[in-house]
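Novice: A single structure is presented below for examination.
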Amino acid sequence: MAFNLLPKGTGRRRAADKVEELRRDIFKLLTQQAAADDAFVLLHQELTDARGKQAEAEEIVVKQQADIDDLTAERDALAEELAALKRRFSAQLAAEANANTITVPPMVRDTSAIEDQATGPIDVSPLWEAAAAGRLGPVTDPGRIGPDDDTQPIPAT
């Protein structure tokens with residue numbers, strides 16, 4: 001019977017096994033490095049695209065600001081021109097406004113158009129008088145005033 005005096009887990013193939021394990025580790029690290037390089041290239045490309053888009057956006061902002069400045073100057077010039085025209089024609093505008101004033105009181109309504117013709121007076125008699133006159137009953141025709149009324153229906157507006 002032979003006794004192994006080496007510590008447990010050590011043997012003749014230990015160095016060769018360690019070399020193989022180190023080669024596997026090196027392969028894993030190289031694979032990770034290649035993946036990191038690919039990710040770096042992609043991120044660098046995205047950064048370049050983002051910087052290009054930012055430059056385009058800044059150019060658009062500069063153009064829009066120039067347009068805003070031009071339009072503001074044009075608006076101010078038109079406002080000044082409008083004020084000058086109002087001063088120049090204020091007497092004529094006032095005379096025209098006075099000539100075309102509305103002299104009818106606001107409670108009087110022009111009823112010459114068919115759609116603006118006045119309706120008849122509304123009967124506001126108490127409920128017991130309406131019942132005594134026979135004007136209460138079911139509404140079968142909304143255009144009629146009462147159940148026994150044979151007058152023309154009220155035109156719908």
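Chain labels run A, B, ... following the order of the structure tokens; each chain numbers its residues from 1, and ligands are numbered from 1 in the order shown.
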Report as a ChimeraX atom specification: the residues of region 44-118 of chain A with a DSSP assignment of helix (DSSP H, G or I), based on the backbone of this structure.
Specialist: /A:44-99,114-116
Novice: Using Å and a single decimal, report how far CA of Thr48 (chain A) sits from CA of Ala36 (chain A).
Specialist: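 Separating CA of Ala36 (chain A) from CA of Thr48 (chain A) is a distance of 18.1 Å.
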